[in-house]
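K.L.:
Right, I'll just put the structure down here and ask away after.
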Amino acid sequence: MTGERRRFLPQPTPETQPFWDGAKQGELRLQRCQECANVIFPPRSFCPRCTGRKLSWFRASGRGTVYSYVIHHRPVPGFTPPYSIAVVQLEEGPRMMTNIVNCPQTPEAIELDMPVEVVFTRISEELSLPLFQPVAARR
Amino acid sequence: MKPGSVAIVGAAETTELGEIPHMSQLELHCDAALNALADAGLQPSDIDGLATAGESPVAVAHLLGITPTYVDSTSVGGCSFMLHVRHAAAAICEELCTTVLVTHGESGRSQVGRAPFQGGGGLGAQFELPFGILGPPTLFTLPALRYMKTYGVTEEQLAMVAVVQREWAAKNPRASCRDPISVQDVLDSRMIAYPFRKLMCCLITDGGGALILTRAERVREFPRKPVYLLGSGESVESPMVSQMEDFTTSKAFRVSARMAFDEAGVEPSDVDHLMIYDAFAHLPLYGLEDLGFCGRGEAARFIWERHTAPSGKLPLNTNGGGLSYMHSGMYGMYALQESVRQLRGTAAAQVPEARISVAHGVGGMFASSGTIILGNEAP
């Protein structure tokens with residue numbers, strides 16, 4: 001087999017579809033429990049704290065801080081090494097995996113606890129991924 | 001389980017370790033099983049319980065000609081064999097069977113007769129894999145920077161974990177990598193996923209191992225020095241490393257280890273020899289702290305000061321570990337084998353008068369854990 005391997009694409013399930021619909025529209029969506037107000041990610045149909053099944057989707061602020069990361073130096077389809085793989089602490093409580101973009105991919109440029117904000121990148125007709133950039137990158 | 005009511009009476013690895021392109025994965029299970037049966041002086045017909053991961057226990061039982069009345073296919077990653085030992089002890093005590101064979105075989109390097117990796121389903125496939133993930137080096141390593149920042153651990157200290165384990169491997173003719181390395185060598189090795197260099201990542205090799213457990217009352221029937229199960233524990237946390245509760249400590253480690261120590265009625269200060277599954281250089285740091293051998297943030301300095309090195313007060317990963325001995329993918333079996341060898345007094349780098357050994361395993365990317373405490377005297 002020759003040619004470039006395609007980048008890995010997520011396959012939404014009924015429970016996660018609203019998250020991916022939001023990402024496509026440039027919104028970072030999380031779930032909140034109607035019973036106990038717990039903020040939930042990754043998406044599911046119930047609250048893991050109180051087992052309540054009434055959840056609502058809301059648009060998150062898109063703000064967070066860098067919790068931890070690695071800078072990967074090997075080739076992966078769709079990525080140009082070196083690139084960061086990070087976990088961001090969202091303002092609303094949950095953490096999510098992402099890439100830190102729009103800054104040098106170096107330990108000096110990516111500091112732990114640095115404020116970051118969501119930006120979306122389109123990876124297919126139907127899918128956009130939430131990535132994060134340093135808040136300073138806007139200016 | 002009452003401590004010491006079950007014993008390991010047979011233990012062996014595959015005849016070869018390292019690169020074994022002439023054997024399929026299933027045959028590695030069988031080679032290890034035959035060696036363990038010979039070690040115990042048993043035939044397949046003497047086995048009535050079978051536990052394995054990576055291959056179906058049905059396939060292993062059928063090839064070996066075993067008709068079990070107890071089967072365990074618990075598969076939670078590299079520590080599955082710790083869980084198999086724990087479950088086997090419960091099954092033996094409950095008389096579901098009398099003699100359990102636990103097998104592991106993995107063609108991790110040569111990939112002979114191995115089902116291709118499917119990429120995995122579940123939420124990780126949506127919320128982790130799209131971000132440029134390439135296996136454990138990009139996932140298992142993720143918590144490390146948070147740990148290092150929290151406790152002021154340096155890259156040199158992380159490198160030292162690999163240096164000390166290579167010192168142990170140098171004493172072991174079966175270790176894959178035996179040449180001495182320095183902290184600088186580790187830092188100069190190829191960057192894989194910052195802050196992890198190649199020498200901070202485990203090997204990828206072929207091999208296998210097997211254990212045989214039975215009631216302690218029967219130990220005099222077997223030729224080898226018995227090794228008693230004193231305590232065990234297991235737990236799981238999250239299949240996604242990004243959803244781990246705290247990146248500086250493993251909940252599964254803490255829960256599993258606490259159960260094992262409580263059951264055994266021993267404390268870390270009673271332990272003569274320790275194995276902590278080391279797929280990457282940061283794992284012994286988490287293990288030393290989460291099992292209670294070091295206070296929070298003290299493990300890197302503990303290793304730097306050579307307390308886990310040859311002739312140190314807490315011999316750790318004395319086979320060379322996943323970093324230097326071998327790592328087929330599910331390394332837990334090799335940690336158990338080294339604990340058994342140390343307690344039998346047959347290890348290549350033998351710890352003088354080792355009486356109590358702990359083998360602590362991890363599965364997935366901090367997803368699961370199993371802890372086994374063994375002793376060479378009936379309590």
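Chain lettering (A, B, ...) mirrors the order of the structure tokens, residue numbering begins at 1 for each chain separately, and ligand numbering begins at 1 in order of display.
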What residues in chain A lie within 6 Å of chain B, counting only C-alpha atoms, written as a PyMOL selection string?
P.N.:
chain A and resi 8-10+68-73+97-98
K.L.:
Using only C-alpha atoms, please write the residues we just selected to a file, as an mmCIF file, in the first residue's frame.
P.N.:
```
data_model
loop_
_atom_site.group_PDB
_atom_site.id
_atom_site.type_symbol
_atom_site.label_atom_id
_atom_site.label_comp_id
_atom_site.auth_asym_id
_atom_site.auth_seq_id
_atom_site.Cartn_x
_atom_site.Cartn_y
_atom_site.Cartn_z
ATOM 1 C CA PHE A 8 -7.568 9.485 12.403
ATOM 2 C CA LEU A 9 -11.187 10.662 12.449
ATOM 3 C CA PRO A 10 -13.505 10.340 15.447
ATOM 4 C CA SER A 68 0.113 18.757 31.147
ATOM 5 C CA TYR A 69 1.517 17.855 27.748
ATOM 6 C CA VAL A 70 4.130 16.086 25.677
ATOM 7 C CA ILE A 71 5.770 17.258 22.455
ATOM 8 C CA HIS A 72 5.670 14.381 19.999
ATOM 9 C CA HIS A 73 8.600 14.024 17.617
ATOM 10 C CA MET A 97 -7.130 16.280 25.457
ATOM 11 C CA THR A 98 -6.141 18.652 22.667
#
```
K.L.:
Could you name the residues that touch Arg63 (chain A) at 9 Å or less, counting only C-alpha atoms, but leaving out those on the same chain fewer than 6 positions away, as a VMD selection string?
P.N.:
chain A and resid 89 to 92 115 to 118 132 135
K.L.:
What does the structure give for the distance between CA of Leu131 (chain A) and CA of Phe280 (chain B), in Å to one decimal?
P.N.:
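Going from CA of Leu131 (chain A) over to CA of Phe280 (chain B), I get 26.9 Å.
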K.L.:
Give the helix (DSSP H, G or I) residues of region 280-376 of chain B, as assigned by DSSP on the backbone, as a PyMOL selection string.
P.N.:
chain B and resi 283-290+299-304+321-324+332-344
K.L.:
At a cut-off of 6 Å, can you tabulate as CSV every residue of region 122-215 of chain B near region 96-105 of chain B together with its closest atom pair and the distance in Å to one decimal, using only C-alpha atoms and ordering rows by chain then number?
P.N.:
```
residue,atom,partner,partner_atom,distance
B:Gly207,CA,B:Gly105,CA,5.7
B:Gly208,CA,B:Gly105,CA,3.9
B:Gly209,CA,B:His104,CA,5.2
B:Ala210,CA,B:Thr103,CA,4.4
B:Leu211,CA,B:Val102,CA,5.1
B:Ile212,CA,B:Leu101,CA,4.6
B:Leu213,CA,B:Val100,CA,5.2
B:Thr214,CA,B:Thr99,CA,4.7
```
K.L.:
Skip Cys103 (chain A) itself and residues of its chain fewer than 6 positions away, then list as a VMD selection string all residues within 10 Å of it, counting only C-alpha atoms.
P.N.:
chain A and resid 109 to 110 133 to 134 136 to 137
